[in-house]
$ cat protein-v2.txt   # compact mmCIF, C-alpha atoms
# COMPACT_ATOMS: atom_id res chain seq x y z
CA MET V 1263 -154.47 -84.60 82.42
CA LYS V 1264 -151.57 -85.18 84.77
CA LYS V 1265 -149.33 -86.45 81.96
CA PHE V 1266 -150.29 -83.46 79.82
CA ARG V 1267 -149.26 -81.06 82.60
CA GLU V 1268 -145.96 -82.85 83.06
CA LYS V 1269 -145.22 -82.72 79.33
CA LEU V 1270 -146.22 -79.05 79.19
CA SER V 1271 -144.02 -78.19 82.17
CA GLY V 1272 -141.10 -80.05 80.62
CA ARG V 1273 -141.46 -78.19 77.34
CA ILE V 1274 -141.73 -74.82 79.08
CA PHE V 1275 -138.52 -75.48 80.98
CA LEU V 1276 -136.86 -76.64 77.76
CA VAL V 1277 -137.87 -73.41 76.00
CA LEU V 1278 -136.57 -71.32 78.88
CA ALA V 1279 -133.26 -73.23 78.86
CA LEU V 1280 -132.92 -72.77 75.09
CA MET V 1281 -133.66 -69.05 75.48
CA SER V 1282 -130.84 -68.73 78.01
CA ILE V 1283 -128.42 -70.53 75.70
CA ALA V 1284 -129.57 -68.40 72.75
CA MET V 1285 -129.01 -65.17 74.70
CA LEU V 1286 -125.50 -66.29 75.66
CA ALA V 1287 -124.78 -67.20 72.05
CA LEU V 1288 -126.04 -63.82 70.80
CA ILE V 1289 -123.86 -61.96 73.29
CA THR V 1290 -120.84 -64.03 72.28
CA VAL V 1291 -121.44 -63.50 68.56
CA PHE V 1292 -121.97 -59.76 69.07
CA ILE V 1293 -118.69 -59.39 70.99
CA VAL V 1294 -116.73 -61.46 68.47
CA ILE V 1295 -118.15 -59.63 65.44
CA ASN V 1296 -117.27 -56.24 66.92
CA GLY V 1297 -113.87 -57.19 68.34
CA ALA V 1298 -112.40 -59.58 65.77
CA PRO V 1299 -111.62 -56.96 63.06
CA ILE V 1300 -109.13 -55.04 65.21
CA ILE V 1301 -107.48 -58.26 66.36
CA GLY V 1302 -107.09 -59.29 62.73
CA LYS V 1303 -105.61 -55.91 61.87
CA VAL V 1304 -103.21 -55.58 64.81
CA GLY V 1305 -102.44 -59.29 65.21
CA VAL V 1306 -103.24 -61.56 68.13
CA LEU V 1307 -99.72 -61.47 69.60
CA ASN V 1308 -99.39 -57.70 69.25
CA PHE V 1309 -102.79 -57.18 70.83
CA VAL V 1310 -102.37 -59.60 73.73
CA PHE V 1311 -98.67 -58.97 74.45
CA GLY V 1312 -98.41 -55.34 73.38
CA MET V 1313 -97.12 -53.02 76.10
CA LYS V 1314 -98.67 -49.73 74.97
CA TRP V 1315 -102.33 -48.74 75.06
CA ALA V 1316 -102.86 -45.49 73.15
CA PRO V 1317 -105.94 -45.85 70.91
CA SER V 1318 -105.62 -42.32 69.55
CA LYS V 1319 -102.20 -43.26 68.15
CA GLY V 1320 -103.22 -46.70 66.94
CA ASP V 1321 -101.50 -48.63 69.75
CA PHE V 1322 -103.65 -51.43 71.17
CA GLY V 1323 -101.55 -53.49 73.58
CA ILE V 1324 -103.39 -54.94 76.58
CA PHE V 1325 -100.62 -56.93 78.29
CA PRO V 1326 -100.25 -54.46 81.22
CA MET V 1327 -103.97 -54.81 81.86
CA ILE V 1328 -103.77 -58.60 81.73
CA VAL V 1329 -100.97 -58.44 84.30
CA GLY V 1330 -103.06 -56.06 86.41
CA SER V 1331 -106.08 -58.38 86.26
CA VAL V 1332 -104.01 -61.40 87.26
CA ALA V 1333 -102.26 -59.52 90.08
CA VAL V 1334 -105.47 -58.20 91.62
CA THR V 1335 -107.24 -61.55 91.27
CA LEU V 1336 -104.38 -63.47 92.89
CA GLY V 1337 -104.24 -60.88 95.66
CA ALA V 1338 -107.97 -61.34 96.25
CA ALA V 1339 -107.44 -65.11 96.39
CA VAL V 1340 -104.63 -64.77 98.95
CA ILE V 1341 -106.85 -62.62 101.16
CA GLY V 1342 -110.31 -64.08 100.59
CA VAL V 1343 -109.75 -67.82 100.14
CA PRO V 1344 -108.17 -68.62 103.56
CA ILE V 1345 -110.77 -66.52 105.37
CA GLY V 1346 -113.59 -68.09 103.35
CA LEU V 1347 -112.42 -71.67 103.96
CA CYS V 1348 -111.96 -71.04 107.68
CA CYS V 1349 -115.46 -69.55 107.91
CA ALA V 1350 -116.90 -72.52 106.05
CA ILE V 1351 -115.18 -74.98 108.39
CA PHE V 1352 -116.44 -73.03 111.40
CA LEU V 1353 -120.04 -73.00 110.16
CA ALA V 1354 -120.03 -76.65 109.11
CA GLU V 1355 -118.23 -78.17 112.10
CA PHE V 1356 -118.05 -75.87 115.11
CA ALA V 1357 -120.82 -73.26 115.12
CA PRO V 1358 -123.98 -73.89 117.18
CA GLU V 1359 -127.24 -73.81 115.25
CA LYS V 1360 -128.18 -70.36 116.60
CA VAL V 1361 -124.85 -68.94 115.45
CA ARG V 1362 -125.27 -70.51 112.00
CA ASN V 1363 -128.72 -68.94 111.66
CA VAL V 1364 -127.14 -65.52 112.22
CA PHE V 1365 -123.95 -65.98 110.21
CA ARG V 1366 -125.42 -67.49 107.06
CA PRO V 1367 -127.84 -64.61 106.27
CA ALA V 1368 -125.08 -62.12 107.13
CA ILE V 1369 -122.70 -63.80 104.70
CA GLN V 1370 -125.36 -63.85 101.98
CA LEU V 1371 -125.98 -60.18 102.65
CA LEU V 1372 -122.42 -59.47 101.53
CA ALA V 1373 -123.34 -60.75 98.08
CA GLY V 1374 -126.28 -58.34 97.88
CA ILE V 1375 -124.29 -55.18 98.59
CA PRO V 1376 -123.77 -53.19 95.34
CA SER V 1377 -120.19 -53.20 94.12
CA VAL V 1378 -120.12 -49.40 94.03
CA VAL V 1379 -120.66 -49.40 97.80
CA TYR V 1380 -117.60 -51.64 98.25
CA GLY V 1381 -115.61 -49.30 96.02
CA PHE V 1382 -116.76 -46.19 97.88
CA TRP V 1383 -115.90 -47.79 101.22
CA GLY V 1384 -112.48 -48.78 99.92
CA LEU V 1385 -111.90 -45.24 98.61
CA LEU V 1386 -112.75 -43.71 101.97
CA PHE V 1387 -111.00 -46.17 104.30
CA ILE V 1388 -108.69 -48.67 102.58
CA VAL V 1389 -106.96 -46.26 100.18
CA PRO V 1390 -106.12 -43.60 102.85
CA PHE V 1391 -104.90 -46.31 105.24
CA ILE V 1392 -102.52 -47.75 102.64
CA ARG V 1393 -101.31 -44.28 101.64
CA ASN V 1394 -100.65 -43.16 105.22
CA TYR V 1395 -99.13 -46.34 106.67
CA LEU V 1396 -97.66 -48.33 103.77
CA GLY V 1397 -96.76 -45.65 101.25
CA GLY V 1398 -97.56 -45.05 97.64
CA PRO V 1399 -100.65 -43.33 96.25
CA GLY V 1400 -103.03 -45.68 98.08
CA LEU V 1401 -104.83 -46.50 94.84
CA SER V 1402 -103.12 -49.82 94.26
CA ILE V 1403 -103.18 -53.57 93.72
CA LEU V 1404 -103.39 -54.06 97.48
CA ALA V 1405 -106.51 -51.89 97.79
CA GLY V 1406 -108.21 -53.73 94.94
CA SER V 1407 -107.20 -57.11 96.36
CA ILE V 1408 -108.68 -56.29 99.76
CA ILE V 1409 -111.98 -55.16 98.25
CA LEU V 1410 -112.23 -58.18 95.94
CA GLY V 1411 -111.13 -60.50 98.73
CA ILE V 1412 -114.17 -59.37 100.72
CA MET V 1413 -116.47 -59.58 97.69
CA ILE V 1414 -115.63 -63.22 96.93
CA LEU V 1415 -116.29 -64.38 100.50
CA PRO V 1416 -119.98 -65.29 99.99
CA THR V 1417 -119.12 -67.52 97.02
CA VAL V 1418 -116.21 -69.27 98.72
CA ILE V 1419 -117.96 -69.71 102.05
CA SER V 1420 -121.30 -70.95 100.69
CA ILE V 1421 -119.91 -73.53 98.25
CA SER V 1422 -117.25 -74.73 100.70
CA GLU V 1423 -119.78 -75.17 103.49
CA VAL V 1424 -122.15 -77.11 101.23
CA SER V 1425 -119.27 -79.35 100.12
CA LEU V 1426 -118.38 -80.16 103.73
CA LEU V 1427 -121.99 -80.76 104.80
CA ALA V 1428 -122.58 -83.03 101.79
CA LEU V 1429 -119.95 -85.54 102.93
CA PRO V 1430 -121.32 -88.86 104.26
CA ARG V 1431 -121.51 -88.90 108.07
CA GLN V 1432 -119.59 -92.19 108.09
CA TYR V 1433 -116.38 -90.31 107.25
CA LYS V 1434 -116.51 -88.27 110.43
CA GLU V 1435 -117.90 -90.99 112.64
CA GLY V 1436 -115.35 -93.55 111.46
CA SER V 1437 -112.48 -91.14 112.01
CA LEU V 1438 -113.62 -90.27 115.53
CA ALA V 1439 -114.13 -93.96 116.29
CA LEU V 1440 -110.50 -94.61 115.36
CA GLY V 1441 -109.38 -92.12 118.00
CA LEU V 1442 -108.70 -88.98 115.95
CA THR V 1443 -109.61 -85.64 117.47
CA HIS V 1444 -112.20 -83.37 115.88
CA TRP V 1445 -109.54 -81.12 114.34
CA GLN V 1446 -107.51 -84.10 113.11
CA THR V 1447 -110.68 -85.46 111.50
CA ILE V 1448 -111.29 -82.16 109.72
CA ARG V 1449 -107.70 -81.82 108.56
CA SER V 1450 -107.01 -85.42 107.57
CA VAL V 1451 -110.42 -86.73 106.49
CA LEU V 1452 -113.05 -84.10 105.74
CA LEU V 1453 -110.96 -81.54 103.87
CA PRO V 1454 -109.33 -84.12 101.55
CA ALA V 1455 -112.72 -85.73 100.91
CA ALA V 1456 -114.27 -82.36 100.04
CA LYS V 1457 -111.26 -81.24 98.01
CA SER V 1458 -113.08 -81.07 94.68
CA GLY V 1459 -115.87 -78.93 96.09
CA LEU V 1460 -113.41 -76.63 97.82
CA VAL V 1461 -111.42 -76.20 94.61
CA SER V 1462 -114.64 -75.38 92.77
CA ALA V 1463 -115.45 -72.74 95.38
CA VAL V 1464 -112.04 -71.13 94.94
CA ILE V 1465 -112.22 -71.16 91.13
CA LEU V 1466 -115.71 -69.67 91.06
CA GLY V 1467 -114.58 -67.03 93.54
CA LEU V 1468 -111.70 -66.14 91.23
CA GLY V 1469 -114.14 -65.89 88.34
CA ARG V 1470 -116.20 -63.46 90.41
CA ALA V 1471 -113.11 -61.40 91.18
CA ILE V 1472 -111.71 -61.16 87.67
CA GLY V 1473 -115.06 -60.02 86.28
CA GLU V 1474 -115.65 -57.20 88.80
CA THR V 1475 -115.61 -53.66 87.39
CA MET V 1476 -117.12 -50.82 89.38
CA ALA V 1477 -115.49 -51.46 92.76
CA VAL V 1478 -111.98 -51.81 91.32
CA ILE V 1479 -112.36 -48.75 89.09
CA MET V 1480 -112.55 -46.68 92.27
CA VAL V 1481 -109.54 -48.11 94.12
CA LEU V 1482 -106.95 -49.30 91.57
CA GLY V 1483 -105.68 -46.00 90.18
CA ASN V 1484 -106.13 -47.19 86.56
CA ALA V 1485 -102.53 -46.78 85.42
CA VAL V 1486 -101.72 -48.70 82.22
CA ALA V 1487 -98.30 -49.98 83.29
CA ILE V 1488 -96.61 -53.13 84.54
CA PRO V 1489 -96.60 -52.90 88.37
CA SER V 1490 -93.41 -53.37 90.35
CA SER V 1491 -95.08 -53.85 93.75
CA ILE V 1492 -98.52 -54.37 95.28
CA LEU V 1493 -98.59 -50.66 96.18
CA ASP V 1494 -98.56 -49.60 92.51
CA PRO V 1495 -101.72 -48.54 90.64
CA VAL V 1496 -102.87 -50.76 87.76
CA ARG V 1497 -105.72 -51.09 85.29
CA THR V 1498 -107.59 -54.34 84.73
CA LEU V 1499 -109.33 -55.56 81.60
CA THR V 1500 -112.78 -54.87 83.04
CA THR V 1501 -111.92 -51.37 84.24
CA ASN V 1502 -110.44 -50.54 80.83
CA ILE V 1503 -113.77 -51.38 79.19
CA GLY V 1504 -115.80 -49.60 81.87
CA ILE V 1505 -113.76 -46.40 81.73
CA GLU V 1506 -113.41 -45.96 77.97
CA MET V 1507 -116.52 -47.48 76.42
CA GLY V 1508 -118.56 -44.33 77.00
CA TYR V 1509 -116.55 -42.20 74.57
CA ALA V 1510 -114.84 -44.79 72.32
CA SER V 1511 -115.56 -45.00 68.61
CA GLY V 1512 -114.14 -46.68 65.51
CA GLU V 1513 -111.08 -48.85 66.10
CA HIS V 1514 -110.96 -47.75 69.73
CA LYS V 1515 -114.41 -49.24 70.32
CA GLN V 1516 -113.44 -52.39 68.42
CA ALA V 1517 -110.37 -52.73 70.65
CA LEU V 1518 -112.57 -52.58 73.74
CA PHE V 1519 -114.77 -55.34 72.34
CA ALA V 1520 -111.58 -57.30 71.59
CA THR V 1521 -110.59 -56.79 75.23
CA GLY V 1522 -113.95 -58.28 76.13
CA ILE V 1523 -113.14 -61.32 73.97
CA VAL V 1524 -109.91 -61.89 75.90
CA LEU V 1525 -111.73 -61.45 79.21
CA PHE V 1526 -114.50 -63.77 78.02
CA ILE V 1527 -111.97 -66.48 77.19
CA ILE V 1528 -110.24 -66.11 80.58
CA ILE V 1529 -113.54 -66.41 82.48
CA MET V 1530 -114.61 -69.38 80.34
CA VAL V 1531 -111.36 -71.15 81.20
CA ILE V 1532 -111.87 -70.45 84.92
CA ASN V 1533 -115.51 -71.57 84.94
CA GLY V 1534 -114.70 -74.57 82.74
CA SER V 1535 -112.06 -75.61 85.25
CA ALA V 1536 -114.64 -75.44 88.02
CA GLN V 1537 -117.08 -77.55 86.01
CA ALA V 1538 -114.37 -80.11 85.24
CA VAL V 1539 -113.46 -80.38 88.92
CA THR V 1540 -117.14 -80.75 89.87
CA ARG V 1541 -117.71 -83.50 87.29
CA LYS V 1542 -114.59 -85.27 88.51
CA ARG V 1543 -115.95 -85.16 92.02
CA GLY V 1544 -119.32 -86.51 90.93
CA GLY V 1545 -117.65 -89.37 89.04
CA ALA V 1546 -115.49 -90.25 92.02
CA GLU V 1547 -118.50 -90.35 94.33
CA LYS V 1548 -120.33 -92.71 91.98
$ encode --input "protein-v2.txt" --output "structure tokens"
Amino acid sequence: MKKFREKLSGRIFLVLALMSIAMLALITVFIVINGAPIIGKVGVLNFVFGMKWAPSKGDFGIFPMIVGSVAVTLGAAVIGVPIGLCCAIFLAEFAPEKVRNVFRPAIQLLAGIPSVVYGFWGLLFIVPFIRNYLGGPGLSILAGSIILGIMILPTVISISEVSLLALPRQYKEGSLALGLTHWQTIRSVLLPAAKSGLVSAVILGLGRAIGETMAVIMVLGNAVAIPSSILDPVRTLTTNIGIEMGYASGEHKQALFATGIVLFIIIMVINGSAQAVTRKRGGAEK
């Protein structure tokens, strides 16, 4: 009876795993079928590197939106990654247990806040602040980077902290026994040893940022143009789909699906990089 239950449980989990893979495959096929025709008609280079997006006139260039996506994502990394890594180091190495028990749920709570709330908060506070004190319209790369920098914190902090706590205790004890201070041990021993996990945290955080839609729709300004500074408005690939999908039809709708293909490839590359780094870490530990 026990063996039967184990076999049954294993098969149920296998079916569930296959269902997840099948759903992902169906989504991928659906996007490719709907987006490939316009890419074939316009041409891959013209679509990806085209400078003009005017679907009503037959112009389907998404390069300004690719630049906008990259700019906002890098800005989020510059803001969120240092803060996230410092918080992870604090929780793993310095914080008392009582402080950890308060901070960890609070950090996880950030991940549960709806993105529209982040966008609304940014529209009411971040955008006016930038407009009044830094110049420009306020709706800008900087506003989007600040919002996304906050939104990626739970991912960066959680994975980084786990990577630091997973290190063998001998690393820290041996370093302290050799006369290094606590901070020297963190800087010279623990961080290099947890490098793969920290890199994975950063890459997954970037994947979270580049895929965000609702929050950045509200604070970016959605201008289809190459920005000249971080105070300029831009449009990202995700916001382009979110804004126009409701009324698009024909080739316009196909172009939005094609935009999804490009975004899908970018996110796959980012997540694949994280998986490669994680596997490399696992192999090194073995």
$ residues_around --input "protein-v2.txt" --residues "Pro1430 of chain V" --least-positions-apart "6" --cutoff "12 Å" --atoms "all atoms listed in the file" --output "PDB file with C-alpha atoms, keeping the file's coordinate frame"
ATOM      1  CA  GLY V1436    -115.350 -93.550 111.460  1.00  0.00           C
ATOM      2  CA  SER V1437    -112.480 -91.140 112.010  1.00  0.00           C
ATOM      3  CA  VAL V1451    -110.420 -86.730 106.490  1.00  0.00           C
ATOM      4  CA  LEU V1452    -113.050 -84.100 105.740  1.00  0.00           C
ATOM      5  CA  ALA V1455    -112.720 -85.730 100.910  1.00  0.00           C
ATOM      6  CA  ALA V1456    -114.270 -82.360 100.040  1.00  0.00           C
ATOM      7  CA  GLU V1547    -118.500 -90.350  94.330  1.00  0.00           C
TER       8      GLU V1547
END
$ atom_distance --input "protein-v2.txt" --atom1 "atom CA of Ile1529 of chain V" --atom2 "atom CA of Val1464 of chain V"
13.4 Å
$ residues_around --input "protein-v2.txt" --residues "Ile1488 of chain V" --least-positions-apart "6" --cutoff "9 Å" --atoms "all atoms listed in the file" --output "JSON, numbers by chain"
{"V": [1313, 1325, 1326, 1327, 1329, 1330, 1494, 1496]}
$ closest_residue --input "protein-v2.txt" --among "V:Ile1324, V:Ile1419, V:Leu1280, V:Ile1392" --to "Ile1301 of chain V" --atoms "all atoms listed in the file"
V:Ile1324
$ closest_residue --input "protein-v2.txt" --among "V:Pro1317, V:Ala1339, V:Gly1302, V:Leu1288" --to "Ser1511 of chain V" --atoms "all atoms listed in the file"
V:Pro1317
$ residues_around --input "protein-v2.txt" --residues "segment 1470-1478 of chain V" --least-positions-apart "3" --cutoff "6 Å" --atoms "only C-alpha atoms" --output "ChimeraX atom specification"
/V:1335,1377-1378,1380-1381,1406,1410,1467,1481-1482,1500-1501
$ atom_distance --input "protein-v2.txt" --atom1 "atom CA of Val1277 of chain V" --atom2 "atom CA of Gly1522 of chain V"
28.3 Å
$ closest_residue --input "protein-v2.txt" --among "V:Ala1487, V:Ile1523, V:Ile1412, V:Ala1517" --to "Ile1375 of chain V" --atoms "all atoms listed in the file"
V:Ile1412
$ atom_distance --input "protein-v2.txt" --atom1 "atom CA of Leu1385 of chain V" --atom2 "atom CA of Ile1409 of chain V"
9.9 Å
$ closest_residue --input "protein-v2.txt" --among "V:Ile1492, V:Leu1286, V:Ala1485, V:Ala1428" --to "Phe1526 of chain V" --atoms "all atoms listed in the file"
V:Leu1286
$ residues_around --input "protein-v2.txt" --residues "Gly1398 of chain V" --least-positions-apart "6" --cutoff "12 Å" --atoms "all atoms listed in the file" --output "VMD selection string"
chain V and resid 1389 to 1392 1404 to 1405 1482 to 1483 1490 to 1495
$ build_atoms --input "protein-v2.txt" --residues "segment 1347-1371 of chain V" --atoms "N, CA, C and O atoms" --output "compact mmCIF listing (two decimals), keeping the file's coordinate frame"
# COMPACT_ATOMS: atom_id res chain seq x y z
N LEU V 1347 -112.49 -70.25 103.58
CA LEU V 1347 -112.42 -71.67 103.96
C LEU V 1347 -112.52 -71.83 105.47
O LEU V 1347 -113.22 -72.75 105.95
N CYS V 1348 -111.88 -70.96 106.22
CA CYS V 1348 -111.96 -71.04 107.68
C CYS V 1348 -113.39 -70.79 108.16
O CYS V 1348 -113.88 -71.47 109.08
N CYS V 1349 -114.06 -69.81 107.55
CA CYS V 1349 -115.46 -69.55 107.91
C CYS V 1349 -116.35 -70.74 107.59
O CYS V 1349 -117.24 -71.10 108.37
N ALA V 1350 -116.10 -71.36 106.43
CA ALA V 1350 -116.90 -72.52 106.05
C ALA V 1350 -116.70 -73.68 107.03
O ALA V 1350 -117.67 -74.35 107.41
N ILE V 1351 -115.46 -73.92 107.42
CA ILE V 1351 -115.18 -74.98 108.39
C ILE V 1351 -115.85 -74.68 109.72
O ILE V 1351 -116.44 -75.56 110.36
N PHE V 1352 -115.81 -73.43 110.14
CA PHE V 1352 -116.44 -73.03 111.40
C PHE V 1352 -117.95 -73.27 111.35
O PHE V 1352 -118.53 -73.85 112.29
N LEU V 1353 -118.58 -72.84 110.26
CA LEU V 1353 -120.04 -73.00 110.16
C LEU V 1353 -120.44 -74.46 110.04
O LEU V 1353 -121.47 -74.87 110.60
N ALA V 1354 -119.66 -75.25 109.34
CA ALA V 1354 -120.03 -76.65 109.11
C ALA V 1354 -119.74 -77.55 110.31
O ALA V 1354 -120.45 -78.53 110.53
N GLU V 1355 -118.69 -77.22 111.09
CA GLU V 1355 -118.23 -78.17 112.10
C GLU V 1355 -118.27 -77.66 113.55
O GLU V 1355 -118.32 -78.46 114.48
N PHE V 1356 -118.20 -76.37 113.75
CA PHE V 1356 -118.05 -75.87 115.11
C PHE V 1356 -119.21 -75.01 115.59
O PHE V 1356 -119.52 -75.01 116.78
N ALA V 1357 -119.83 -74.25 114.70
CA ALA V 1357 -120.82 -73.26 115.12
C ALA V 1357 -122.10 -73.92 115.62
O ALA V 1357 -122.61 -74.85 114.99
N PRO V 1358 -122.65 -73.43 116.74
CA PRO V 1358 -123.98 -73.89 117.18
C PRO V 1358 -125.04 -73.46 116.16
O PRO V 1358 -124.82 -72.55 115.37
N GLU V 1359 -126.18 -74.08 116.23
CA GLU V 1359 -127.24 -73.81 115.25
C GLU V 1359 -127.67 -72.34 115.29
O GLU V 1359 -127.93 -71.73 114.25
N LYS V 1360 -127.76 -71.76 116.49
CA LYS V 1360 -128.18 -70.36 116.60
C LYS V 1360 -127.17 -69.44 115.92
O LYS V 1360 -127.54 -68.45 115.28
N VAL V 1361 -125.89 -69.75 116.08
CA VAL V 1361 -124.85 -68.94 115.45
C VAL V 1361 -124.91 -69.08 113.93
O VAL V 1361 -124.77 -68.10 113.19
N ARG V 1362 -125.14 -70.30 113.45
CA ARG V 1362 -125.27 -70.51 112.00
C ARG V 1362 -126.42 -69.70 111.42
O ARG V 1362 -126.31 -69.12 110.34
N ASN V 1363 -127.55 -69.66 112.15
CA ASN V 1363 -128.72 -68.94 111.66
C ASN V 1363 -128.47 -67.44 111.56
O ASN V 1363 -129.18 -66.75 110.82
N VAL V 1364 -127.49 -66.94 112.30
CA VAL V 1364 -127.14 -65.52 112.22
C VAL V 1364 -126.08 -65.30 111.14
O VAL V 1364 -126.16 -64.36 110.34
N PHE V 1365 -125.08 -66.16 111.11
CA PHE V 1365 -123.95 -65.98 110.21
C PHE V 1365 -124.32 -66.17 108.75
O PHE V 1365 -123.86 -65.43 107.88
N ARG V 1366 -125.11 -67.19 108.46
CA ARG V 1366 -125.42 -67.49 107.06
C ARG V 1366 -126.15 -66.34 106.36
O ARG V 1366 -125.75 -65.94 105.26
N PRO V 1367 -127.21 -65.77 106.94
CA PRO V 1367 -127.84 -64.61 106.27
C PRO V 1367 -126.88 -63.42 106.16
O PRO V 1367 -126.93 -62.68 105.17
N ALA V 1368 -126.03 -63.24 107.18
CA ALA V 1368 -125.08 -62.12 107.13
C ALA V 1368 -124.09 -62.29 105.99
O ALA V 1368 -123.75 -61.33 105.28
N ILE V 1369 -123.64 -63.52 105.79
CA ILE V 1369 -122.70 -63.80 104.70
C ILE V 1369 -123.38 -63.59 103.35
O ILE V 1369 -122.80 -63.00 102.42
N GLN V 1370 -124.62 -64.05 103.23
CA GLN V 1370 -125.36 -63.85 101.98
C GLN V 1370 -125.64 -62.38 101.73
O GLN V 1370 -125.73 -61.95 100.57
N LEU V 1371 -125.75 -61.62 102.79
CA LEU V 1371 -125.98 -60.18 102.65
C LEU V 1371 -124.80 -59.50 101.97
O LEU V 1371 -124.97 -58.52 101.23
